[in-house]
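Visitor: The structure under discussion is supplied below as structure tokens; questions concerning it will follow.
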Amino acid sequence: MMKYLPTLFLLLLTTYCEAAIVKGLVTDDKNNPLPFATVLIKGTTTGTTTNAAGQYQLEVPSGQYTLVCQYIGYRKTEKAIQVDGSPQIINFTLLPVNLQIKEVVVKAGGEDPAYAIIRQAIKKRAFYQQQVQEYTCMSYIKGTINMTGTPNRFLGKKIDKEDMGVDSTGKGMVFLSESVTKISFRAPEKLKLEVISDRKSGGGFGMSFPAFISFYDNNVSAVITQMGPRGYISPIAQNALSYYKYRLEGEFREDGRTVNKIRVIPRRKQEPLFSGYIFISDGDWRIHSTDLILTSEYQLELMDSLRIRQTHVPVSGEVWRVKDQVLHMSVDKFGFGMVGNFVNVYSDYNLHPNFPPKYFDNTFLKYDSAFDKKEAIYWDSIRPVPLEDAESRDYHEKDSTARANRLAAMKGNTLDSLRKKQKPVKVMDVLWNGVNRKMYFRRDSAIESHGFHLNGLAKSLKYNTVEGLVLALEPQVNFNTGKEQQLKISPYVRYGLSNTHLNAYTFLTYSSESRIRTRYGRNDWTLGGGKRVSQFNQDNPINNLANEFYTLLLKENHMKLYENWFAQLRYSRTFQTNDRLTVGARYESRIPLENTTDFVIFKSGKQFSPNHPEDLAQIPFELHRAFIVDMSFRYQPGQQFVELPDRKMPLSSRYPTFEVAYSKGIPDVGNSVVDFDKWKLSVFDNMNFKLFGEFRYRLTAGGFLNDRNVQIPDFQHFNGNQTFYNTKYLNSFQLAPYYRYSTTAPFFITANVEHHFNGLLTNKIPLLNRLKWNLVAGSNAFYVNDKNNYVEAFLGLENILKVVRVDVVAGYQSQDDTRIGVRVGLGGIFGNLIKLD
């Protein structure tokens with residue numbers, strides 16, 4: 001062994017000397033740093049990007065090279081370097097390009113010469129879009145978000161600036177991350193991402209997903225759908241001339257080719273369009289680089305502006321690809337100011353990867369087993385974009401704090417500190433805000449917690465004509481019972497002052513993650529029992545608040561209730577694919593109820609309707625018992641996954657979701673009288689057609705195979721709505737009475753469809769386009785038979801204040817007059833994200 005040591009030492013020394021760090025500063029002719037300039041080795045895609053201070057660093061093997069530096073709007077500069085293992089400083093000073101203006105005679109009414117160039121680029125667009133059928137490359141991403149302002153209060157609540165990570169003035173870095181990801185692509189849309197390493201300041205997941213923005217696509221997605229559901233029209237899209245005006249700013253020579261600088265000017269505001277500059281090379285008509293901006297005037301949502309800068313470089317022969325891409329965002333809304341930069345550096349393109357069979361499976365994003373285990377020395381060695389001083393400080397401070405917290409968790413006084421840190425319960429918490437408490441404990445050298453929640457007493461008050469004023473307490477306790485195991489206890493106590501009935505029940509839900517073979521899934525066991533008040537339609541078509549408004553102010557009691565002693569057991573398995581199987585059994589002793597009060601705030605000549613649904617008056621509802629078994633299965637094919645080192649998580653699918661349900665009423669079990677078999681099959685999906693909007697639908701078919709004894713709670717009820725407020729889009733009929741069409745027929749079919757125009761059409765109406773109110777239209781219908789059917793059509797506006805939707809609805813039934821009504825609900829950028837139960 002000893003005789004090999006000199007050889008091993010020389011080998012290690014040679015390997016160490018094979019590469020050296022070349023770094024420097026890139027400035028303009030006035031010594032101003034040029035942020036995010038491109039620096040690369042000529043003839044390769046090995047390179048980097050300067051940081052916001054114009055600094056770069058690049059690890060270069062020993063040898064002779066030509067270092068190339070380029071920046072949009074500046075003359076490309078080259079420098080020969082000799083790398084011998086020693087660090088070198090190579091600075092670049094870039095001069096603005098001398099734009100030459102072609103001598104073109106433009107006749108009166110003629111067009112700018114830019115149009116001829118754009119037409120040629122449009123002709124070549126499809127060729128360059130499909131030129132590369134498959135490739136791999138590496139992507140380095142660095143993302144930062146800085147707060148430039150933070151309000152002291154928001155929506156009446158005080159902002160804790162320390163928890164946000166900002167200083168007393170509301171400023172500071174709140175997000176910093178880096179990642180290295182391998183990208184694999186095969187046309188037309190096979191994509192696989194493998195995260196080699198990932199880091200976030202203070203710990204956690206960083207930004208590992210590259211932003212794929214191709215201006216060779218007709219419709220360009222801007223990072224996430226919420227920023228622009230319709231996408232954005234490329235300046236060289238097939239129909240771009242209908243949306244843009246162009247002006248040739250000039251041309252310059254680079255590497256023997258002519259590059260045209262063309263200004264891109266939207267023809268109309270409130271269209272999904274870019275503005276800025278696109279650089280097109282002469283002759284081959286390819287994209288050389290871009291400097292394009294999206295703003296809120298051109299249908300950018302959530303942000304005020306998003307700037308996209310790309311530099312394209314030759315990869316192999318006639319193939320050019322994006323070398324680096326910089327996204328700069330700015331937000332100034334509701335007192336929150338925010339700026340962010342996300343730098344993508346692409347390298348090591350391989351245009352002939354020869355993927356093995358079945359390489360592209362259903363795993364879309366895969367994390368390496370050690371993706372978050374890399375030390376700082378690793379990042380210092382591979383980082384192509386140098387850290388700025390503020391970024392170095394942020395890493396140091398937040399990583400040190402996180403490390404200190406982990407160490408502190410080992411000490412005995414940490415639990416006491418966490419307990420003392422909880423704010424004391426205030427009177428307003430008990431009355432309105434609600435009480436939230438955590439109980440900390442130690443398990444396996446880590447600190448975990450149990451949780452307790454209680455709604456404010458004022459929010460626990462309810463009112464209906466059966467119980468009168470109701471005090472309903474619903475505390476919830478969560479016990480962390482083990483790794484990936486939780487027990488939730490949800491007691492419920494309800495007392496009606498008018499009928500003097502006390503109802504109380506409890507649900508116990510035990511949840512755990514488990515593995516079936518190599519696949520994880522979630523198991524939920526729910527056991528419940530006691531006495532409760534239920535709506536006849538167990539989909540709860542009207543909520544308490546809406547019912548209280550109509551009862552107390554308009555003397556209309558739409559909520560119809562019965563009491564029941566019950567016991568219930570349910571098991572649900574959510575598979576790794578996000579498919580879900582649910583099996584349950586419930587036993588109920590059902591008790592009819594009557595109105596006990598007619599109190600209203602405003603007296604009127606109207607009378608309250610009976611608690612028994614008027615439309616089912618001919619069907620008796622008496623004390624009886626029911627034993628029912630329910631089963632359902634939800635399935636969505638084509639699911640893609642994010643694969644973590646220990647499990648897979650479902651991400652998305654292009655296919656619709658299918659759901660089948662079956663319920664059986666079993667007689668003679670505990671004196672049960674019900675005897676029926678009910679089935680239902682549903683399919684639903686959201687389909688984004690980009691510029692033409694988003695189409696959503698839900699189709700359902702079902703019926704009773706056996707209806708020997710069906711009680712009112714077990715009927716097929718269609719979710720009607722007799723209030724101004726709707727929360728069940730795609731699962732309701734906005735003007736239909738609640739129980740008029742309830743049935744036990746052997747077959748029924750329903751269809752709920754709606755199209756969200758997302759700015760299409762309304763962007764041409766002056767006031768609506770500035771407010772960004774969007775059109776929505778659709779129809780809801782069901783058919784049981786010739787006498788029992790219903791159809792309604794609606795036209796509305798959504799995205800009002802980003803959350804509100806208003807529909808005008810016309811409903812038609814063959815044996816009834818046409819109804820016209822207005823409904824208000826949630827819809828828009830934020831409204832679609834809110835799910836109300």
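Simple scheme: letters A, B, ... for chains in structure tokens order, numbers from 1 for residues in each chain, numbers from 1 for ligands in the order shown.
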So that I can see what lies close to Phe342 of chain A, please list as a ChimeraX atom specification the residues with an atom at most 9 Å from it, counting only C-alpha atoms and leaving out residues fewer than 3 positions away in the same chain.

Guide: /A:141-145,325-329

Visitor: Would you save the residues from that selection as a PDB file, in the first residue's frame, using C-alpha atoms?

Guide:
```
ATOM      1  CA  ILE A 141     -31.700  28.740  -9.751  1.00  0.00           C
ATOM      2  CA  LYS A 142     -31.211  31.482  -7.213  1.00  0.00           C
ATOM      3  CA  GLY A 143     -34.278  33.278  -5.926  1.00  0.00           C
ATOM      4  CA  THR A 144     -34.589  36.237  -3.580  1.00  0.00           C
ATOM      5  CA  ILE A 145     -37.574  38.195  -2.295  1.00  0.00           C
ATOM      6  CA  GLN A 325     -33.021  33.871 -17.734  1.00  0.00           C
ATOM      7  CA  VAL A 326     -33.739  36.546 -15.132  1.00  0.00           C
ATOM      8  CA  LEU A 327     -37.197  37.223 -13.738  1.00  0.00           C
ATOM      9  CA  HIS A 328     -37.667  40.466 -11.833  1.00  0.00           C
ATOM     10  CA  MET A 329     -40.989  40.982 -10.081  1.00  0.00           C
TER      11      MET A 329
END
```

Visitor: Got a sec: who's within 9 Å of Glu254 of chain A, counting only C-alpha atoms, leaving out chain neighbours fewer than 4 positions off, as a PDB file with all heavy atoms, in the first residue's frame?

Guide:
```
ATOM      1  N   ARG A  75     -22.084  45.702 -26.349  1.00  0.00           N
ATOM      2  CA  ARG A  75     -21.270  44.981 -27.303  1.00  0.00           C
ATOM      3  C   ARG A  75     -20.618  43.780 -26.629  1.00  0.00           C
ATOM      4  O   ARG A  75     -20.012  43.890 -25.554  1.00  0.00           O
ATOM      5  CB  ARG A  75     -20.197  45.903 -27.879  1.00  0.00           C
ATOM      6  CG  ARG A  75     -19.406  45.315 -29.042  1.00  0.00           C
ATOM      7  CD  ARG A  75     -18.339  46.296 -29.499  1.00  0.00           C
ATOM      8  NE  ARG A  75     -18.949  47.597 -29.833  1.00  0.00           N
ATOM      9  CZ  ARG A  75     -18.261  48.726 -29.960  1.00  0.00           C
ATOM     10  NH1 ARG A  75     -16.949  48.720 -29.766  1.00  0.00           N
ATOM     11  NH2 ARG A  75     -18.875  49.855 -30.262  1.00  0.00           N
ATOM     12  N   LYS A  76     -20.760  42.613 -27.258  1.00  0.00           N
ATOM     13  CA  LYS A  76     -20.131  41.406 -26.723  1.00  0.00           C
ATOM     14  C   LYS A  76     -18.618  41.589 -26.706  1.00  0.00           C
ATOM     15  O   LYS A  76     -18.032  42.099 -27.651  1.00  0.00           O
ATOM     16  CB  LYS A  76     -20.509  40.189 -27.571  1.00  0.00           C
ATOM     17  CG  LYS A  76     -19.882  38.881 -27.088  1.00  0.00           C
ATOM     18  CD  LYS A  76     -20.077  37.754 -28.077  1.00  0.00           C
ATOM     19  CE  LYS A  76     -21.511  37.291 -28.094  1.00  0.00           C
ATOM     20  NZ  LYS A  76     -21.668  36.072 -28.932  1.00  0.00           N
ATOM     21  N   THR A 258     -25.893  39.980 -38.219  1.00  0.00           N
ATOM     22  CA  THR A 258     -26.608  41.209 -37.886  1.00  0.00           C
ATOM     23  C   THR A 258     -27.743  40.878 -36.924  1.00  0.00           C
ATOM     24  O   THR A 258     -28.504  39.937 -37.141  1.00  0.00           O
ATOM     25  CB  THR A 258     -27.185  41.864 -39.151  1.00  0.00           C
ATOM     26  OG1 THR A 258     -26.098  42.212 -40.029  1.00  0.00           O
ATOM     27  CG2 THR A 258     -27.980  43.108 -38.817  1.00  0.00           C
ATOM     28  N   VAL A 259     -27.821  41.666 -35.853  1.00  0.00           N
ATOM     29  CA  VAL A 259     -28.876  41.484 -34.855  1.00  0.00           C
ATOM     30  C   VAL A 259     -29.749  42.724 -34.851  1.00  0.00           C
ATOM     31  O   VAL A 259     -29.243  43.852 -34.753  1.00  0.00           O
ATOM     32  CB  VAL A 259     -28.301  41.223 -33.452  1.00  0.00           C
ATOM     33  CG1 VAL A 259     -29.431  41.048 -32.435  1.00  0.00           C
ATOM     34  CG2 VAL A 259     -27.386  40.006 -33.457  1.00  0.00           C
TER      35      VAL A 259
END
```

Visitor: Skip Ile712 of chain A itself and residues of its chain fewer than 4 positions away, then list as a compact mmCIF listing (two decimals) with C-alpha atoms, in the first residue's frame all residues within 9 Å of it, counting only C-alpha atoms.

Guide:
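Saved file result27.txt follows:
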```txt
# COMPACT_ATOMS: atom_id res chain seq x y z
CA PHE A 536 -82.83 16.66 5.43
CA ASN A 537 -80.43 17.14 2.52
CA LEU A 616 -92.59 16.85 0.25
CA ILE A 619 -94.47 12.15 2.20
CA PRO A 620 -94.68 11.50 5.96
CA PHE A 621 -91.65 11.78 8.22
CA GLN A 716 -81.85 12.04 -4.08
CA SER A 742 -86.25 15.37 -4.67
```

Visitor: List as number ranges by chain the protein and nucleic acid residues near Ile262 of chain A, meaning an atom at most 8 Å away when only C-alpha atoms are counted, but skip any in the same chain fewer than 4 places from it.

Guide: A: 114, 246-250, 277-280

Visitor: Atom CA of Arg406 of chain A to atom CA of Glu643 of chain A: how many Å, to one decimal?

Guide: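 According to the coordinates, atom CA of Arg406 of chain A and atom CA of Glu643 of chain A are separated by 26.3 Å.
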
Visitor: Can you tell me, as a compact mmCIF listing (two decimals) with N, CA, C and O atoms, in the first residue's frame, what residues are no more than 10 Å from Leu705 of chain A when counting only C-alpha atoms, ignoring any on the same chain fewer than 3 positions away?

Guide:
```txt
# COMPACT_ATOMS: atom_id res chain seq x y z
N LYS A 664 -76.50 1.71 0.72
CA LYS A 664 -77.51 0.66 0.89
C LYS A 664 -78.17 0.82 2.24
O LYS A 664 -77.50 0.85 3.27
N PHE A 676 -83.15 0.24 0.63
CA PHE A 676 -82.91 0.86 -0.68
C PHE A 676 -81.48 0.58 -1.13
O PHE A 676 -80.61 0.23 -0.33
N ASP A 677 -81.25 0.76 -2.43
CA ASP A 677 -79.92 0.71 -3.03
C ASP A 677 -79.80 1.92 -3.94
O ASP A 677 -80.55 2.05 -4.91
N LYS A 678 -78.85 2.79 -3.64
CA LYS A 678 -78.69 4.04 -4.38
C LYS A 678 -77.27 4.14 -4.92
O LYS A 678 -76.31 3.81 -4.22
N TRP A 679 -77.15 4.56 -6.17
CA TRP A 679 -75.83 4.68 -6.80
C TRP A 679 -75.67 6.04 -7.45
O TRP A 679 -76.65 6.71 -7.78
N GLY A 702 -77.16 8.81 -11.79
CA GLY A 702 -77.41 7.97 -10.63
C GLY A 702 -78.86 7.54 -10.56
O GLY A 702 -79.63 7.71 -11.51
N ARG A 708 -87.59 0.27 -1.95
CA ARG A 708 -88.70 -0.31 -1.20
C ARG A 708 -89.08 0.53 0.02
O ARG A 708 -90.25 0.65 0.37
N THR A 744 -86.90 9.49 -5.82
CA THR A 744 -86.38 8.12 -5.63
C THR A 744 -86.42 7.36 -6.95
O THR A 744 -86.53 6.13 -6.97
N ALA A 745 -86.35 8.09 -8.06
CA ALA A 745 -86.45 7.50 -9.39
C ALA A 745 -85.26 6.58 -9.66
O ALA A 745 -84.18 6.74 -9.09
N PRO A 746 -85.43 5.62 -10.56
CA PRO A 746 -84.34 4.68 -10.87
C PRO A 746 -83.19 5.31 -11.63
O PRO A 746 -82.11 4.72 -11.68
N PHE A 747 -83.43 6.50 -12.22
CA PHE A 747 -82.34 7.11 -12.98
C PHE A 747 -82.52 8.63 -13.02
O PHE A 747 -83.63 9.14 -13.15
```

Visitor: I'd like the contact shell of Leu761 of chain A - 8 Å cut-off, only C-alpha atoms, skipping same-chain residues fewer than 4 positions apart - returned as a list in words.

Guide: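 The contact residues come out as Phe757, Ile765 and Leu775 of chain A.
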
Visitor: Atom CA of Leu833 of chain A and atom CA of Ser652 of chain A, how far apart in Å?

Guide: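 Between atom CA of Ser652 of chain A and atom CA of Leu833 of chain A the gap is 16.3 Å.
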
Visitor: Given the choices A:Arg580, A:Val470, A:Ala585, A:Ala546, which gets closest to Asp524 of chain A if the distance is worked out from only C-alpha atoms?

Guide: A:Arg580

Visitor: For the strand (DSSP E or B) assignment from backbone DSSP, which residues of segment 415-662 of chain A qualify? Please present them as an MDAnalysis selection string.

Guide: chainID A and resid 435:443 446:454 461:464 468:473 476:482 485:496 502:516 519:535 561:574 580:591 624:635 640:643 648:652 657:662

Visitor: Just the residues within 12 Å of segment 820-830 of chain A, please, counting only C-alpha atoms, with nothing from its chain fewer than 4 positions along; format it as a PyMOL selection string.

Guide: chain A and resi 225-229+299-303+546+694+721-729+733-736+756-759+772-776+792-812+834-836

Visitor: Report, in Å with one decimal, the straight-line distance from atom CA of Thr169 of chain A to atom CA of Asn32 of chain A.

Guide: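 Atom-to-atom, atom CA of Thr169 of chain A to atom CA of Asn32 of chain A, that is 28.5 Å.
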
Visitor: Let me make sure I understand: among A:Leu176, A:Ala661, A:Ala240, A:Val331, which one has the smallest atom-to-atom distance to Val343 of chain A if we use only C-alpha atoms?

Guide: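 Of A:Leu176, A:Ala661, A:Ala240, A:Val331, the one nearest Val343 of chain A is A:Leu176, counting only C-alpha atoms.
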
Visitor: Name the closest residue to Ser184 of chain A among the candidates A:Pro766, A:Gly670, A:Pro210, A:Gly43; distances are taken between atoms, counting only C-alpha atoms.

Guide: A:Pro210

Visitor: With DSSP run on the backbone, what are the helix (DSSP H, G or I) residues within segment 71-242 of chain A? I'd like them as a count of residues only.

Guide: 27

Visitor: Restricting the calculation to only C-alpha atoms, which member of A:Asn344, A:Ser208, A:Thr574, A:Asn785 is positioned closest to Leu365 of chain A?

Guide: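 Closest residue, counting only C-alpha atoms: A:Ser208.
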
Visitor: Pick out the closest residue to Met138 of chain A from this set: A:Pro713, A:Pro384, A:Gly528, A:Gly703. Count only C-alpha atoms.

Guide: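 Looking only at the distances to Met138 of chain A, the closest residue turns out to be A:Pro384.
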
Visitor: Given the choices A:Val60, A:Leu457, A:Ala408, A:Ile90, which gets closest to Leu431 of chain A if the distance is worked out from only C-alpha atoms?

Guide: A:Leu457
